[in-house]
$ cat target16.json   # JSON, C-alpha atoms and all ligand atoms
[["chain", "number", "residue", "atom", "x", "y", "z"],
["J", 1, "MET", "CA", 79.28, 100.74, 170.59],
["J", 2, "ASN", "CA", 79.96, 101.55, 166.97],
["J", 3, "PRO", "CA", 76.57, 101.65, 165.20],
["J", 4, "LEU", "CA", 78.25, 100.14, 162.16],
["J", 5, "ALA", "CA", 79.40, 97.04, 164.03],
["J", 6, "ASP", "CA", 76.58, 95.10, 162.38],
["J", 7, "LYS", "CA", 78.25, 95.73, 159.01],
["J", 8, "ILE", "CA", 81.17, 93.50, 160.00],
["J", 9, "ILE", "CA", 80.74, 90.30, 158.01],
["J", 10, "GLU", "CA", 83.70, 88.50, 159.52],
["J", 11, "LYS", "CA", 85.42, 89.19, 162.83],
["J", 12, "ARG", "CA", 88.57, 87.46, 164.06],
["J", 13, "THR", "CA", 90.37, 88.25, 167.28],
["J", 14, "PHE", "CA", 93.88, 86.94, 167.69],
["J", 15, "ARG", "CA", 96.26, 87.29, 170.62],
["J", 16, "THR", "CA", 97.68, 90.63, 169.43],
["J", 17, "PHE", "CA", 95.29, 92.00, 166.84],
["J", 18, "ASN", "CA", 91.78, 91.96, 165.41],
["J", 19, "ILE", "CA", 90.56, 91.70, 161.83],
["J", 20, "PHE", "CA", 87.16, 93.13, 160.90],
["J", 21, "VAL", "CA", 86.03, 92.37, 157.37],
["J", 22, "PHE", "CA", 83.37, 94.47, 155.64],
["J", 23, "GLU", "CA", 81.45, 93.93, 152.42],
["J", 24, "LYS", "CA", 82.80, 97.08, 150.78],
["J", 25, "LYS", "CA", 85.32, 99.90, 151.12],
["J", 26, "GLU", "CA", 82.74, 102.53, 152.09],
["J", 27, "GLU", "CA", 81.80, 100.45, 155.14],
["J", 28, "VAL", "CA", 85.44, 100.19, 156.18],
["J", 29, "THR", "CA", 85.89, 103.94, 156.06],
["J", 30, "GLU", "CA", 82.54, 104.70, 157.70],
["J", 31, "TYR", "CA", 83.32, 102.34, 160.56],
["J", 32, "MET", "CA", 86.60, 104.23, 161.09],
["J", 33, "ALA", "CA", 84.80, 107.58, 160.82],
["J", 34, "MET", "CA", 82.30, 106.54, 163.49],
["J", 35, "LYS", "CA", 85.07, 105.15, 165.67],
["J", 36, "LEU", "CA", 86.85, 108.49, 165.48],
["J", 37, "ILE", "CA", 83.67, 110.40, 166.39],
["J", 38, "LEU", "CA", 82.86, 108.07, 169.29],
["J", 39, "LYS", "CA", 86.39, 108.24, 170.67],
["J", 40, "ALA", "CA", 86.33, 112.04, 170.48],
["J", 41, "GLN", "CA", 82.95, 112.16, 172.22],
["J", 42, "ASN", "CA", 84.12, 109.78, 174.96],
["J", 43, "ARG", "CA", 87.60, 111.27, 175.42],
["J", 44, "SER", "CA", 88.82, 111.69, 178.95],
["J", 45, "GLY", "CA", 89.37, 115.39, 179.44],
["J", 46, "HIS", "CA", 92.21, 116.23, 177.03],
["J", 47, "ASN", "CA", 91.76, 116.43, 173.28],
["J", 48, "LEU", "CA", 92.11, 113.13, 171.44],
["J", 49, "SER", "CA", 95.49, 112.89, 169.69],
["J", 50, "VAL", "CA", 95.00, 111.36, 166.25],
["J", 51, "ALA", "CA", 97.69, 110.55, 163.67],
["J", 52, "LEU", "CA", 96.23, 110.41, 160.16],
["J", 53, "SER", "CA", 97.56, 108.24, 157.35],
["J", 54, "GLY", "CA", 98.20, 109.48, 153.87],
["J", 55, "GLY", "CA", 97.23, 107.95, 150.56],
["J", 56, "SER", "CA", 93.77, 107.93, 149.02],
["J", 57, "THR", "CA", 91.74, 105.74, 151.38],
["J", 58, "PRO", "CA", 91.23, 108.42, 154.07],
["J", 59, "LYS", "CA", 89.35, 110.76, 151.70],
["J", 60, "LYS", "CA", 86.07, 108.84, 151.97],
["J", 61, "MET", "CA", 86.55, 108.53, 155.72],
["J", 62, "TYR", "CA", 86.94, 112.30, 156.03],
["J", 63, "GLU", "CA", 83.75, 112.85, 154.07],
["J", 64, "GLN", "CA", 81.91, 110.38, 156.31],
["J", 65, "VAL", "CA", 83.16, 112.15, 159.43],
["J", 66, "VAL", "CA", 81.72, 115.41, 158.10],
["J", 67, "GLU", "CA", 78.44, 113.66, 157.21],
["J", 68, "ASN", "CA", 78.14, 112.18, 160.72],
["J", 69, "ASP", "CA", 79.46, 115.16, 162.68],
["J", 70, "PRO", "CA", 78.47, 118.09, 160.44],
["J", 71, "LYS", "CA", 78.92, 120.74, 163.13],
["J", 72, "GLY", "CA", 82.26, 119.29, 164.23],
["J", 73, "SER", "CA", 80.99, 119.07, 167.80],
["J", 74, "ALA", "CA", 83.06, 115.91, 168.35],
["J", 75, "MET", "CA", 85.91, 116.79, 166.04],
["J", 76, "ARG", "CA", 86.67, 120.02, 167.87],
["J", 77, "HIS", "CA", 88.05, 117.80, 170.64],
["J", 78, "VAL", "CA", 90.78, 116.31, 168.45],
["J", 79, "ASN", "CA", 94.40, 117.31, 167.96],
["J", 80, "TRP", "CA", 95.38, 116.35, 164.43],
["J", 81, "PHE", "CA", 98.76, 114.91, 163.51],
["J", 82, "TRP", "CA", 100.08, 112.97, 160.53],
["J", 83, "GLY", "CA", 101.79, 109.59, 160.24],
["J", 84, "ASP", "CA", 103.72, 110.84, 157.25],
["J", 85, "GLU", "CA", 103.88, 113.60, 154.68],
["J", 86, "ARG", "CA", 105.20, 114.08, 151.23],
["J", 87, "CYS", "CA", 107.85, 116.79, 150.86],
["J", 88, "VAL", "CA", 105.61, 119.14, 148.94],
["J", 89, "PRO", "CA", 103.89, 122.41, 149.93],
["J", 90, "PRO", "CA", 100.65, 122.12, 151.94],
["J", 91, "THR", "CA", 98.76, 123.37, 148.89],
["J", 92, "HIS", "CA", 100.13, 120.62, 146.63],
["J", 93, "GLU", "CA", 97.74, 117.94, 145.33],
["J", 94, "GLU", "CA", 100.02, 115.22, 146.75],
["J", 95, "SER", "CA", 100.03, 116.68, 150.26],
["J", 96, "ASN", "CA", 98.46, 114.36, 152.86],
["J", 97, "TYR", "CA", 97.65, 117.47, 154.87],
["J", 98, "LYS", "CA", 95.82, 119.06, 151.92],
["J", 99, "LEU", "CA", 93.60, 115.98, 151.52],
["J", 100, "ALA", "CA", 92.58, 116.25, 155.17],
["J", 101, "TYR", "CA", 92.24, 120.02, 155.03],
["J", 102, "ASP", "CA", 90.01, 120.00, 151.95],
["J", 103, "HIS", "CA", 87.71, 117.17, 153.06],
["J", 104, "LEU", "CA", 87.71, 117.36, 156.87],
["J", 105, "LEU", "CA", 89.45, 120.26, 158.57],
["J", 106, "LYS", "CA", 88.14, 123.08, 156.43],
["J", 107, "PRO", "CA", 84.53, 121.79, 156.18],
["J", 108, "LEU", "CA", 84.44, 121.43, 159.98],
["J", 109, "ASN", "CA", 86.23, 124.72, 160.53],
["J", 110, "VAL", "CA", 88.79, 123.00, 162.77],
["J", 111, "SER", "CA", 90.90, 125.46, 164.75],
["J", 112, "GLU", "CA", 94.49, 125.99, 163.59],
["J", 113, "ASN", "CA", 95.46, 125.41, 167.23],
["J", 114, "CYS", "CA", 94.46, 121.75, 166.86],
["J", 115, "ILE", "CA", 96.34, 121.10, 163.63],
["J", 116, "PHE", "CA", 99.93, 119.85, 163.87],
["J", 117, "ARG", "CA", 100.92, 119.14, 160.28],
["J", 118, "MET", "CA", 104.32, 118.00, 159.13],
["J", 119, "TRP", "CA", 105.90, 120.89, 157.20],
["J", 120, "GLY", "CA", 106.42, 119.13, 153.87],
["J", 121, "GLU", "CA", 107.69, 122.36, 152.37],
["J", 122, "ASP", "CA", 110.76, 122.39, 154.61],
["J", 123, "ASP", "CA", 113.99, 120.41, 154.63],
["J", 124, "PRO", "CA", 112.91, 116.88, 155.71],
["J", 125, "GLU", "CA", 115.85, 116.33, 158.05],
["J", 126, "LYS", "CA", 115.10, 119.61, 159.90],
["J", 127, "GLU", "CA", 111.36, 118.94, 159.88],
["J", 128, "ALA", "CA", 111.85, 115.45, 161.33],
["J", 129, "VAL", "CA", 113.72, 117.02, 164.26],
["J", 130, "ARG", "CA", 111.07, 119.70, 164.71],
["J", 131, "TYR", "CA", 108.26, 117.14, 164.63],
["J", 132, "HIS", "CA", 110.11, 114.94, 167.15],
["J", 133, "GLN", "CA", 110.40, 117.89, 169.50],
["J", 134, "LEU", "CA", 106.75, 118.83, 168.94],
["J", 135, "LEU", "CA", 105.54, 115.34, 169.84],
["J", 136, "ASP", "CA", 107.88, 115.23, 172.84],
["J", 137, "SER", "CA", 106.46, 118.52, 174.09],
["J", 138, "ILE", "CA", 102.73, 117.82, 173.82],
["J", 139, "LEU", "CA", 102.10, 114.09, 173.97],
["J", 140, "PRO", "CA", 102.44, 111.79, 176.97],
["J", 141, "VAL", "CA", 105.50, 109.55, 176.75],
["J", 142, "ARG", "CA", 105.61, 105.84, 177.58],
["J", 143, "ASN", "CA", 108.64, 103.56, 177.32],
["J", 144, "GLY", "CA", 110.49, 106.46, 175.74],
["J", 145, "TYR", "CA", 108.05, 107.18, 172.89],
["J", 146, "PRO", "CA", 105.03, 109.48, 172.53],
["J", 147, "VAL", "CA", 101.59, 107.91, 172.94],
["J", 148, "PHE", "CA", 98.90, 108.77, 170.41],
["J", 149, "ASP", "CA", 95.32, 107.97, 171.37],
["J", 150, "LEU", "CA", 94.53, 106.87, 167.82],
["J", 151, "MET", "CA", 96.88, 105.90, 164.99],
["J", 152, "ILE", "CA", 95.29, 105.41, 161.56],
["J", 153, "GLN", "CA", 97.57, 103.68, 159.06],
["J", 154, "GLY", "CA", 97.32, 102.57, 155.44],
["J", 155, "LEU", "CA", 98.98, 99.60, 153.76],
["J", 156, "GLY", "CA", 100.87, 99.72, 150.49],
["J", 157, "GLU", "CA", 100.83, 96.77, 148.09],
["J", 158, "ASP", "CA", 104.56, 96.40, 148.83],
["J", 159, "GLY", "CA", 103.85, 96.20, 152.55],
["J", 160, "HIS", "CA", 104.87, 99.76, 153.35],
["J", 161, "THR", "CA", 103.05, 101.81, 155.93],
["J", 162, "ALA", "CA", 103.36, 105.51, 156.66],
["J", 163, "SER", "CA", 106.47, 106.35, 154.59],
["J", 164, "ILE", "CA", 108.41, 103.32, 155.79],
["J", 165, "PHE", "CA", 109.13, 101.19, 152.74],
["J", 166, "PRO", "CA", 110.72, 97.73, 152.47],
["J", 167, "ASN", "CA", 114.47, 97.65, 153.19],
["J", 168, "GLN", "CA", 114.21, 100.78, 155.36],
["J", 169, "LYS", "CA", 114.41, 98.94, 158.69],
["J", 170, "GLU", "CA", 116.24, 101.89, 160.26],
["J", 171, "LEU", "CA", 112.94, 103.81, 160.11],
["J", 172, "LEU", "CA", 111.22, 101.03, 162.03],
["J", 173, "LEU", "CA", 113.80, 100.88, 164.80],
["J", 174, "SER", "CA", 114.87, 104.52, 165.07],
["J", 175, "GLN", "CA", 114.75, 106.09, 168.52],
["J", 176, "ASN", "CA", 113.74, 109.35, 166.85],
["J", 177, "PHE", "CA", 110.01, 109.95, 166.75],
["J", 178, "ALA", "CA", 110.13, 111.14, 163.14],
["J", 179, "GLU", "CA", 112.64, 110.70, 160.33],
["J", 180, "ALA", "CA", 113.32, 111.94, 156.82],
["J", 181, "ALA", "CA", 112.38, 109.23, 154.34],
["J", 182, "TYR", "CA", 111.78, 108.69, 150.65],
["J", 183, "ASN", "CA", 109.56, 106.73, 148.32],
["J", 184, "PRO", "CA", 112.01, 104.32, 146.59],
["J", 185, "TYR", "CA", 109.92, 104.18, 143.42],
["J", 186, "SER", "CA", 109.50, 107.90, 142.81],
["J", 187, "MET", "CA", 112.42, 109.01, 144.99],
["J", 188, "GLN", "CA", 110.01, 111.57, 146.43],
["J", 189, "LYS", "CA", 111.27, 112.83, 149.78],
["J", 190, "ARG", "CA", 109.03, 112.20, 152.75],
["J", 191, "ILE", "CA", 108.79, 112.71, 156.51],
["J", 192, "THR", "CA", 107.48, 109.79, 158.55],
["J", 193, "LEU", "CA", 106.70, 108.75, 162.08],
["J", 194, "THR", "CA", 108.96, 105.87, 163.04],
["J", 195, "GLY", "CA", 107.91, 102.30, 163.73],
["J", 196, "GLU", "CA", 108.24, 102.46, 167.50],
["J", 197, "VAL", "CA", 105.99, 105.54, 167.68],
["J", 198, "ILE", "CA", 103.32, 103.85, 165.56],
["J", 199, "CYS", "CA", 103.48, 100.76, 167.80],
["J", 200, "ASN", "CA", 103.20, 102.92, 170.92],
["J", 201, "ALA", "CA", 99.68, 104.21, 170.23],
["J", 202, "LYS", "CA", 96.75, 103.25, 172.43],
["J", 203, "GLU", "CA", 94.75, 102.13, 169.39],
["J", 204, "ILE", "CA", 96.14, 101.37, 165.94],
["J", 205, "PHE", "CA", 93.89, 100.89, 162.95],
["J", 206, "PHE", "CA", 95.10, 99.66, 159.57],
["J", 207, "LEU", "CA", 92.69, 100.42, 156.72],
["J", 208, "ALA", "CA", 93.24, 98.20, 153.67],
["J", 209, "THR", "CA", 90.76, 97.85, 150.83],
["J", 210, "GLY", "CA", 90.72, 96.53, 147.28],
["J", 211, "ALA", "CA", 91.99, 93.43, 145.50],
["J", 212, "GLY", "CA", 95.45, 94.95, 145.20],
["J", 213, "LYS", "CA", 95.98, 94.50, 148.94],
["J", 214, "ALA", "CA", 94.83, 90.85, 149.11],
["J", 215, "GLU", "CA", 98.23, 89.24, 148.60],
["J", 216, "VAL", "CA", 100.15, 91.44, 151.01],
["J", 217, "MET", "CA", 97.38, 91.10, 153.60],
["J", 218, "ALA", "CA", 97.53, 87.31, 153.41],
["J", 219, "GLU", "CA", 101.32, 87.26, 153.65],
["J", 220, "ILE", "CA", 101.30, 89.52, 156.70],
["J", 221, "ILE", "CA", 98.46, 87.74, 158.52],
["J", 222, "HIS", "CA", 99.58, 84.20, 157.68],
["J", 223, "LYS", "CA", 103.34, 85.00, 157.90],
["J", 224, "THR", "CA", 104.01, 83.64, 154.43],
["J", 225, "GLY", "CA", 105.96, 84.79, 151.36],
["J", 226, "LYS", "CA", 107.92, 88.00, 151.83],
["J", 227, "PHE", "CA", 106.16, 89.08, 155.07],
["J", 228, "LYS", "CA", 109.47, 89.69, 156.84],
["J", 229, "GLU", "CA", 110.27, 92.39, 154.28],
["J", 230, "TYR", "CA", 107.05, 94.30, 154.97],
["J", 231, "PRO", "CA", 107.26, 97.25, 157.36],
["J", 232, "ALA", "CA", 103.54, 96.81, 158.13],
["J", 233, "ASN", "CA", 104.42, 93.35, 159.46],
["J", 234, "PHE", "CA", 106.59, 95.04, 162.10],
["J", 235, "ILE", "CA", 103.70, 97.11, 163.45],
["J", 236, "HIS", "CA", 102.08, 95.67, 166.55],
["J", 237, "ALA", "CA", 100.35, 97.20, 169.54],
["J", 238, "ARG", "CA", 103.09, 97.48, 172.15],
["J", 239, "HIS", "CA", 100.59, 98.14, 174.89],
["J", 240, "GLY", "CA", 97.35, 99.06, 173.13],
["J", 241, "GLU", "CA", 95.22, 97.36, 170.50],
["J", 242, "LEU", "CA", 95.65, 96.85, 166.75],
["J", 243, "THR", "CA", 92.73, 96.27, 164.41],
["J", 244, "TRP", "CA", 92.73, 95.65, 160.66],
["J", 245, "LEU", "CA", 89.69, 97.13, 158.94],
["J", 246, "ILE", "CA", 89.50, 95.54, 155.51],
["J", 247, "ASP", "CA", 86.96, 94.86, 152.80],
["J", 248, "LYS", "CA", 86.13, 91.52, 151.20],
["J", 249, "GLU", "CA", 88.45, 92.16, 148.28],
["J", 250, "ALA", "CA", 91.45, 92.75, 150.53],
["J", 251, "ALA", "CA", 90.42, 89.69, 152.59],
["J", 252, "ALA", "CA", 90.11, 87.45, 149.53],
["J", 253, "ARG", "CA", 93.27, 85.42, 150.22],
["J", 254, "LEU", "CA", 92.89, 85.10, 153.97],
["J", 255, "THR", "CA", 92.14, 81.60, 155.21],
["J", 256, "PHE", "CA", 90.71, 81.54, 158.72],
["J", 301, "LIG", "C1", 101.27, 107.85, 151.86],
["J", 301, "LIG", "C2", 100.69, 106.94, 152.90],
["J", 301, "LIG", "C3", 100.87, 105.50, 152.57],
["J", 301, "LIG", "C4", 99.46, 105.00, 152.28],
["J", 301, "LIG", "C5", 99.46, 103.64, 151.64],
["J", 301, "LIG", "C6", 98.03, 103.23, 151.25],
["J", 301, "LIG", "O1", 101.65, 108.97, 152.19],
["J", 301, "LIG", "O2", 101.22, 107.43, 150.69],
["J", 301, "LIG", "O3", 100.90, 107.24, 154.15],
["J", 301, "LIG", "O4", 101.45, 104.73, 153.60],
["J", 301, "LIG", "O5", 98.72, 104.96, 153.51],
["J", 301, "LIG", "O6", 100.27, 103.72, 150.48],
["J", 301, "LIG", "O7", 97.57, 104.19, 150.31],
["J", 301, "LIG", "P1", 96.07, 104.06, 149.70],
["J", 301, "LIG", "O8", 95.15, 104.47, 150.82],
["J", 301, "LIG", "O9", 96.07, 105.06, 148.57],
["J", 301, "LIG", "O10", 95.89, 102.64, 149.28]]

$ encode --input "target16.json" --output "structure tokens" --more "lines below"
Ligand code: 6PG
Amino acid sequence: MNPLADKIIEKRTFRTFNIFVFEKKEEVTEYMAMKLILKAQNRSGHNLSVALSGGSTPKKMYEQVVENDPKGSAMRHVNWFWGDERCVPPTHEESNYKLAYDHLLKPLNVSENCIFRMWGEDDPEKEAVRYHQLLDSILPVRNGYPVFDLMIQGLGEDGHTASIFPNQKELLLSQNFAEAAYNPYSMQKRITLTGEVICNAKEIFFLATGAGKAEVMAEIIHKTGKFKEYPANFIHARHGELTWLIDKEAAARLTF
């Protein structure tokens, strides 16, 4: 039982997903940090396979994992993957890997053998193929796609998730496990897991905090406005469980 469960100020369980609302962002990220630690501690034999999101939200979560598991005794039983990566070197400030390395992997001295980063420094088309083959070789496969134990995703204000942006439906439906992508605003090249892989995880968590996410959250949950354009709206738990972890600000326009 997550010790932070009492921080949930509003809990809704629907047929295919849950929404847990917290007072503030730090409680959202700490709940996820504790969930990660508990799942690693209670894993069944093999290392937990975790796909990390990019963006800025995970930074606080990483710090809270280190605070709650300072010796990495739970985190040493995790194999680390990414949901997407920017096509920059792993030392670049915009690298999703670098954020995790600086605030989680390095502080906990995580073994290189447990780190499976997307090679943002390489050609994205080639890297997407390599990552597909990597996932195919080390993860269990179910209905044709790899199964992550834990998939942590963020939500963009335009409804994107991972590096799947609106009007990029081919990335949602691709039979490849990873694809070359791009941010349509900056034209920055990306590599991303595809929609079917994200949906195939045993547990999917969306972390969304701040007032900027309130409108897109409401449209996705209540199926209003431009929800059909939002890649995050496509994501559902094909055979696992999906939970939204959001703060009050992001929940402001939800009407239960
Ligand atoms: C990325 C992410 C992206 C991110 C959302 C939310 O590489 O940018 O994978 O999907 O998760 O944009 O970002 P914030 O956590 O910064 O709000």

$ residues_around --input "target16.json" --residues "region 239-245 of chain J" --least-positions-apart "3" --cutoff "9 Å" --atoms "all atoms listed in the file" --output "list in words"
Thr13, Thr16, Phe17, Asn18, Ile19, Phe20, Val21, Phe22, Val28, Thr29, Tyr31, Met32, Cys199, Asn200, Ala201, Lys202, Glu203, Ile204, Phe205, Phe206, Leu207, Ala208, Thr209, Ile235 and His236 of chain J

$ residues_near_ligand --input "target16.json" --ligand "ligand LIG 301 (chain J)" --cutoff "7 Å" --atoms "all atoms listed in the file" --output "compact mmCIF listing (two decimals) with C-alpha atoms, in the coordinates of the input"
# COMPACT_ATOMS: atom_id res chain seq x y z
CA SER J 53 97.56 108.24 157.35
CA GLY J 54 98.20 109.48 153.87
CA GLY J 55 97.23 107.95 150.56
CA SER J 56 93.77 107.93 149.02
CA THR J 57 91.74 105.74 151.38
CA PRO J 58 91.23 108.42 154.07
CA GLY J 83 101.79 109.59 160.24
CA ASP J 84 103.72 110.84 157.25
CA GLU J 85 103.88 113.60 154.68
CA ARG J 86 105.20 114.08 151.23
CA ASN J 96 98.46 114.36 152.86
CA GLN J 153 97.57 103.68 159.06
CA GLY J 154 97.32 102.57 155.44
CA LEU J 155 98.98 99.60 153.76
CA GLY J 156 100.87 99.72 150.49
CA HIS J 160 104.87 99.76 153.35
CA THR J 161 103.05 101.81 155.93
CA ALA J 162 103.36 105.51 156.66
CA SER J 163 106.47 106.35 154.59
CA ALA J 208 93.24 98.20 153.67

$ axis_aligned_box --input "target16.json" --around "region 190-197 of chain J" --padding-each-side "6 Å" --output "JSON"
{"center_x": 107.5, "center_y": 107.5, "center_z": 160.2, "size_x": 15.0, "size_y": 22.4, "size_z": 26.9}

$ residues_around --input "target16.json" --residues "Val65 (chain J)" --least-positions-apart "4" --cutoff "7 Å" --atoms "all atoms listed in the file" --output "list in words"
Ala33, Met34, Met61 and Asp69 of chain J

$ atom_distance --input "target16.json" --atom1 "CA of Lys169 (chain J)" --atom2 "CA of His92 (chain J)"
28.6 Å

$ closest_residue --input "target16.json" --among "J:Ile221, J:Ala180, J:Ile246, J:Val110" --to "His132 (chain J)" --atoms "all atoms listed in the file"
J:Ala180

$ residues_around --input "target16.json" --residues "Lys226 (chain J)" --least-positions-apart "2" --cutoff "12 Å" --atoms "all atoms listed in the file" --output "list in words"
Glu157, Asp158, Gly159, Pro166, Asn167, Glu215, Val216, Met217, Ala218, Glu219, Ile220, Ile221, His222, Lys223, Thr224, Lys228, Glu229, Tyr230, Pro231, Ala232 and Asn233 of chain J

$ atom_distance --input "target16.json" --atom1 "CA of Tyr62 (chain J)" --atom2 "CA of Ile164 (chain J)"
23.3 Å

$ closest_residue --input "target16.json" --among "J:Pro140, J:Gly195, J:Pro146, J:Gly210" --to "His46 (chain J)" --atoms "all atoms listed in the file"
J:Pro140

$ residues_near_point --input "target16.json" --point "(104.1, 119.2, 163.6)" --cutoff "6 Å" --atoms "all atoms listed in the file" --output "PyMOL selection string"
chain J and resi 116-118+131+134

$ residues_around --input "target16.json" --residues "Glu127 (chain J)" --least-positions-apart "4" --cutoff "10 Å" --atoms "only C-alpha atoms" --output "ChimeraX atom specification"
/J:87,118-123,131-133,178-180,191

$ atom_distance --input "target16.json" --atom1 "CA of Asn176 (chain J)" --atom2 "CA of Thr194 (chain J)"
7.0 Å

$ residues_around --input "target16.json" --residues "Glu26 (chain J)" --least-positions-apart "6" --cutoff "9 Å" --atoms "only C-alpha atoms" --output "VMD selection string"
chain J and resid 60 to 61 64 247

$ closest_residue --input "target16.json" --among "J:Lys24, J:Lys71, J:His77, J:Leu104" --to "Asn42 (chain J)" --atoms "all atoms listed in the file"
J:His77

$ closest_residue --input "target16.json" --among "J:Ala252, J:Val50, J:Val66, J:Leu38" --to "Leu139 (chain J)" --atoms "only C-alpha atoms"
J:Val50

$ closest_residue --input "target16.json" --among "J:Asn79, J:Asn109, J:Asn68, J:Ser49" --to "Met151 (chain J)" --atoms "all atoms listed in the file"
J:Ser49
